[in-house]
$ cat entry.pdb   # PDB, C-alpha atoms
ATOM      1  CA  MET A1118     234.733  43.600 164.170  1.00  0.00           C
ATOM      2  CA  PRO A1119     238.420  44.322 163.539  1.00  0.00           C
ATOM      3  CA  GLY A1120     240.736  43.749 166.453  1.00  0.00           C
ATOM      4  CA  VAL A1121     244.110  42.644 167.722  1.00  0.00           C
ATOM      5  CA  VAL A1122     245.142  40.068 170.344  1.00  0.00           C
ATOM      6  CA  ILE A1123     248.542  40.135 172.043  1.00  0.00           C
ATOM      7  CA  THR A1124     249.611  37.129 174.107  1.00  0.00           C
ATOM      8  CA  LEU A1125     251.653  37.908 177.201  1.00  0.00           C
ATOM      9  CA  ASN A1126     252.324  34.238 177.968  1.00  0.00           C
ATOM     10  CA  SER A1127     250.586  30.877 177.482  1.00  0.00           C
ATOM     11  CA  TYR A1128     247.661  31.860 179.731  1.00  0.00           C
ATOM     12  CA  VAL A1129     247.178  35.656 179.570  1.00  0.00           C
ATOM     13  CA  TYR A1130     246.272  37.851 176.603  1.00  0.00           C
ATOM     14  CA  LEU A1131     245.375  41.482 175.896  1.00  0.00           C
ATOM     15  CA  CYS A1132     242.831  42.416 173.248  1.00  0.00           C
ATOM     16  CA  ALA A1133     241.503  45.519 171.514  1.00  0.00           C
ATOM     17  CA  ARG A1134     238.553  45.777 169.128  1.00  0.00           C
ATOM     18  CA  LEU A1135     236.664  48.442 167.213  1.00  0.00           C
ATOM     19  CA  LEU A1136     232.913  48.079 166.761  1.00  0.00           C
ATOM     20  CA  ALA A1137     230.836  50.231 164.404  1.00  0.00           C
ATOM     21  CA  THR A1138     227.041  50.106 164.173  1.00  0.00           C
ATOM     22  CA  VAL A1139     225.061  51.772 161.415  1.00  0.00           C
ATOM     23  CA  GLN A1140     221.439  50.836 162.215  1.00  0.00           C
ATOM     24  CA  PRO A1141     219.401  52.521 163.665  1.00  0.00           C
ATOM     25  CA  SER A1142     222.104  55.200 163.946  1.00  0.00           C
ATOM     26  CA  PHE A1143     225.861  55.361 163.506  1.00  0.00           C
ATOM     27  CA  ALA A1144     227.969  54.678 166.613  1.00  0.00           C
ATOM     28  CA  LEU A1145     231.563  53.677 167.368  1.00  0.00           C
ATOM     29  CA  ALA A1146     232.818  51.651 170.327  1.00  0.00           C
ATOM     30  CA  GLY A1147     236.359  50.861 171.433  1.00  0.00           C
ATOM     31  CA  ILE A1148     236.692  47.649 173.406  1.00  0.00           C
ATOM     32  CA  SER A1149     239.870  46.678 175.275  1.00  0.00           C
ATOM     33  CA  GLY A1150     240.404  43.900 177.755  1.00  0.00           C
ATOM     34  CA  VAL A1151     242.455  41.181 179.363  1.00  0.00           C
ATOM     35  CA  GLY A1152     241.759  37.466 179.275  1.00  0.00           C
ATOM     36  CA  LEU A1153     242.868  34.206 180.840  1.00  0.00           C
ATOM     37  CA  THR A1154     242.783  30.803 179.152  1.00  0.00           C
ATOM     38  CA  TYR A1155     244.231  27.321 179.538  1.00  0.00           C
ATOM     39  CA  THR A1156     244.153  24.537 176.939  1.00  0.00           C
ATOM     40  CA  PHE A1157     243.694  21.024 178.285  1.00  0.00           C
ATOM     41  CA  LYS A1158     244.670  17.828 176.490  1.00  0.00           C
ATOM     42  CA  GLY A1159     241.923  17.003 174.063  1.00  0.00           C
ATOM     43  CA  GLY A1160     241.606  20.624 172.909  1.00  0.00           C
ATOM     44  CA  TRP A1161     239.205  22.044 175.534  1.00  0.00           C
ATOM     45  CA  ALA A1162     240.074  25.616 176.555  1.00  0.00           C
ATOM     46  CA  PRO A1163     238.017  27.488 179.175  1.00  0.00           C
ATOM     47  CA  PHE A1164     238.481  31.254 179.131  1.00  0.00           C
ATOM     48  CA  ALA A1165     237.475  34.394 181.016  1.00  0.00           C
ATOM     49  CA  GLU A1166     237.799  37.913 179.587  1.00  0.00           C
ATOM     50  CA  LEU A1167     237.156  41.288 181.238  1.00  0.00           C
ATOM     51  CA  ASP A1168     236.576  44.195 178.831  1.00  0.00           C
ATOM     52  CA  GLY A1169     236.145  47.929 179.134  1.00  0.00           C
ATOM     53  CA  VAL A1170     233.917  49.556 176.519  1.00  0.00           C
ATOM     54  CA  ILE A1171     233.878  53.214 175.472  1.00  0.00           C
ATOM     55  CA  ALA A1172     231.098  54.090 173.013  1.00  0.00           C
ATOM     56  CA  GLN A1173     230.336  57.305 171.149  1.00  0.00           C
ATOM     57  CA  GLY A1174     227.088  57.726 169.263  1.00  0.00           C
ATOM     58  CA  THR A1175     224.467  60.323 168.464  1.00  0.00           C
ATOM     59  CA  GLY A1176     223.171  60.207 172.052  1.00  0.00           C
ATOM     60  CA  GLY A1177     226.576  60.976 173.584  1.00  0.00           C
ATOM     61  CA  ALA A1178     229.323  58.909 175.159  1.00  0.00           C
ATOM     62  CA  ALA A1179     228.965  55.815 177.334  1.00  0.00           C
ATOM     63  CA  LEU A1180     231.366  53.766 179.463  1.00  0.00           C
ATOM     64  CA  SER A1181     230.704  50.164 180.468  1.00  0.00           C
ATOM     65  CA  ALA A1182     232.354  46.854 181.330  1.00  0.00           C
ATOM     66  CA  ALA A1183     231.731  43.298 180.182  1.00  0.00           C
ATOM     67  CA  LEU A1184     232.765  39.889 181.532  1.00  0.00           C
ATOM     68  CA  SER A1185     232.789  36.934 179.140  1.00  0.00           C
ATOM     69  CA  ILE A1186     233.305  33.327 180.180  1.00  0.00           C
ATOM     70  CA  GLY A1187     233.146  30.231 178.031  1.00  0.00           C
ATOM     71  CA  VAL A1188     234.796  27.121 176.696  1.00  0.00           C
ATOM     72  CA  ALA A1189     236.344  26.648 173.257  1.00  0.00           C
ATOM     73  CA  LYS A1190     237.085  23.284 171.594  1.00  0.00           C
ATOM     74  CA  TYR A1191     240.100  23.135 169.287  1.00  0.00           C
ATOM     75  CA  PHE A1192     240.228  20.451 166.587  1.00  0.00           C
TER      76      PHE A1192
END
$ encode --input "entry.pdb" --output "structure tokens"
Amino acid sequence: MPGVVITLNSYVYLCARLLATVQPSFALAGISGVGLTYTFKGGWAPFAELDGVIAQGTGGAALSAALSIGVAKYF
């Protein structure tokens, strides 16, 4: 999934991605969002990201939203 991430400061970032599926039918989706993260000593970084998704496939267009939360460990 190709994409780009732009950091606004140490805690906030913007992202954009392009998703293409080919099975069972061809579809394209544009995903853009904003995220928050903070890296603690020891390399632990919790994050939250809110994304808007616009998809176009053989069945028509769709609009949705996604919220991702998690923790990353940097080595």
$ residues_near_point --input "entry.pdb" --point "(238.1, 44.8, 166.3)" --cutoff "12 Å" --atoms "all atoms listed in the file" --output "VMD selection string"
chain A and resid 1118 to 1122 1132 to 1137 1145 to 1150
$ write_last_selection --input "entry.pdb" --atoms "C-alpha atoms" --output "mmCIF file, keeping the file's coordinate frame"
data_model
loop_
_atom_site.group_PDB
_atom_site.id
_atom_site.type_symbol
_atom_site.label_atom_id
_atom_site.label_comp_id
_atom_site.auth_asym_id
_atom_site.auth_seq_id
_atom_site.Cartn_x
_atom_site.Cartn_y
_atom_site.Cartn_z
ATOM 1 C CA MET A 1118 234.733 43.600 164.170
ATOM 2 C CA PRO A 1119 238.420 44.322 163.539
ATOM 3 C CA GLY A 1120 240.736 43.749 166.453
ATOM 4 C CA VAL A 1121 244.110 42.644 167.722
ATOM 5 C CA VAL A 1122 245.142 40.068 170.344
ATOM 6 C CA CYS A 1132 242.831 42.416 173.248
ATOM 7 C CA ALA A 1133 241.503 45.519 171.514
ATOM 8 C CA ARG A 1134 238.553 45.777 169.128
ATOM 9 C CA LEU A 1135 236.664 48.442 167.213
ATOM 10 C CA LEU A 1136 232.913 48.079 166.761
ATOM 11 C CA ALA A 1137 230.836 50.231 164.404
ATOM 12 C CA LEU A 1145 231.563 53.677 167.368
ATOM 13 C CA ALA A 1146 232.818 51.651 170.327
ATOM 14 C CA GLY A 1147 236.359 50.861 171.433
ATOM 15 C CA ILE A 1148 236.692 47.649 173.406
ATOM 16 C CA SER A 1149 239.870 46.678 175.275
ATOM 17 C CA GLY A 1150 240.404 43.900 177.755
#
$ residues_around --input "entry.pdb" --residues "Ala1183 of chain A" --least-positions-apart "3" --cutoff "7 Å" --atoms "all atoms listed in the file" --output "list in words"
Leu1167, Asp1168 and Gly1169 of chain A
$ atom_distance --input "entry.pdb" --atom1 "atom CA of Tyr1191 of chain A" --atom2 "atom CA of Tyr1155 of chain A"
11.8 Å
$ atom_distance --input "entry.pdb" --atom1 "atom CA of Ser1185 of chain A" --atom2 "atom CA of Pro1141 of chain A"
25.7 Å
$ atom_distance --input "entry.pdb" --atom1 "atom CA of Val1129 of chain A" --atom2 "atom CA of Val1151 of chain A"
7.3 Å
$ resolve_selection --input "entry.pdb" --expression "the PyMOL selection byres ((chain A and resi 1174) around 10)" --output "list in words"
Ala1137, Thr1138, Ser1142, Phe1143, Ala1144, Leu1145, Ala1146, Ala1172, Gln1173, Thr1175, Gly1176, Gly1177, Ala1178 and Ala1179 of chain A
$ decode --input "entry.pdb" --residues "segment 1125-1152 of chain A" --atoms "N, CA and C atoms" --output "short mmCIF file (atom, residue, chain, number, x, y, z; two decimals), in the first residue's frame"
data_model
loop_
_atom_site.label_atom_id
_atom_site.label_comp_id
_atom_site.auth_asym_id
_atom_site.auth_seq_id
_atom_site.Cartn_x
_atom_site.Cartn_y
_atom_site.Cartn_z
N LEU A 1125 3.56 16.89 11.66
CA LEU A 1125 3.30 18.30 11.95
C LEU A 1125 4.13 18.77 13.13
N ASN A 1126 4.34 17.88 14.10
CA ASN A 1126 5.25 18.12 15.22
C ASN A 1126 5.62 16.76 15.79
N SER A 1127 6.16 16.71 16.99
CA SER A 1127 6.63 15.44 17.56
C SER A 1127 5.50 14.47 17.88
N TYR A 1128 4.26 14.94 17.93
CA TYR A 1128 3.14 14.11 18.39
C TYR A 1128 2.04 13.91 17.36
N VAL A 1129 1.94 14.76 16.35
CA VAL A 1129 0.82 14.74 15.41
C VAL A 1129 1.34 14.50 13.99
N TYR A 1130 0.65 13.63 13.25
CA TYR A 1130 1.03 13.38 11.86
C TYR A 1130 -0.22 13.28 10.99
N LEU A 1131 -0.03 13.56 9.70
CA LEU A 1131 -1.05 13.38 8.67
C LEU A 1131 -0.59 12.25 7.77
N CYS A 1132 -1.53 11.48 7.25
CA CYS A 1132 -1.15 10.37 6.37
C CYS A 1132 -2.13 10.24 5.21
N ALA A 1133 -1.65 9.69 4.13
CA ALA A 1133 -2.47 9.41 2.95
C ALA A 1133 -1.97 8.12 2.32
N ARG A 1134 -2.91 7.26 1.93
CA ARG A 1134 -2.55 5.96 1.35
C ARG A 1134 -3.47 5.66 0.17
N LEU A 1135 -3.00 4.80 -0.71
CA LEU A 1135 -3.79 4.33 -1.83
C LEU A 1135 -3.81 2.81 -1.77
N LEU A 1136 -4.99 2.23 -1.76
CA LEU A 1136 -5.16 0.79 -1.67
C LEU A 1136 -5.86 0.30 -2.93
N ALA A 1137 -5.31 -0.73 -3.55
CA ALA A 1137 -5.92 -1.34 -4.74
C ALA A 1137 -6.11 -2.82 -4.47
N THR A 1138 -7.32 -3.32 -4.71
CA THR A 1138 -7.59 -4.75 -4.61
C THR A 1138 -7.89 -5.28 -6.01
N VAL A 1139 -7.51 -6.51 -6.26
CA VAL A 1139 -7.75 -7.11 -7.57
C VAL A 1139 -8.61 -8.36 -7.49
N GLN A 1140 -8.75 -8.97 -6.33
CA GLN A 1140 -9.54 -10.18 -6.17
C GLN A 1140 -10.64 -9.94 -5.15
N PRO A 1141 -11.86 -10.22 -5.29
CA PRO A 1141 -12.47 -10.86 -6.43
C PRO A 1141 -12.74 -9.90 -7.58
N SER A 1142 -12.69 -8.59 -7.33
CA SER A 1142 -12.84 -7.63 -8.42
C SER A 1142 -11.95 -6.43 -8.12
N PHE A 1143 -11.66 -5.66 -9.15
CA PHE A 1143 -10.77 -4.51 -9.00
C PHE A 1143 -11.49 -3.38 -8.27
N ALA A 1144 -10.80 -2.77 -7.30
CA ALA A 1144 -11.34 -1.62 -6.58
C ALA A 1144 -10.18 -0.74 -6.11
N LEU A 1145 -10.43 0.54 -6.01
CA LEU A 1145 -9.45 1.50 -5.49
C LEU A 1145 -10.02 2.18 -4.26
N ALA A 1146 -9.16 2.48 -3.29
CA ALA A 1146 -9.58 3.21 -2.10
C ALA A 1146 -8.51 4.23 -1.75
N GLY A 1147 -8.94 5.44 -1.45
CA GLY A 1147 -8.07 6.49 -0.95
C GLY A 1147 -8.30 6.63 0.54
N ILE A 1148 -7.23 6.60 1.31
CA ILE A 1148 -7.33 6.65 2.76
C ILE A 1148 -6.50 7.83 3.25
N SER A 1149 -7.13 8.75 3.98
CA SER A 1149 -6.39 9.88 4.56
C SER A 1149 -6.77 9.99 6.02
N GLY A 1150 -5.83 10.47 6.83
CA GLY A 1150 -6.13 10.54 8.25
C GLY A 1150 -5.15 11.40 9.02
N VAL A 1151 -5.42 11.45 10.33
CA VAL A 1151 -4.58 12.18 11.27
C VAL A 1151 -4.31 11.25 12.45
N GLY A 1152 -3.10 11.33 12.98
CA GLY A 1152 -2.74 10.46 14.08
C GLY A 1152 -1.99 11.20 15.18
#
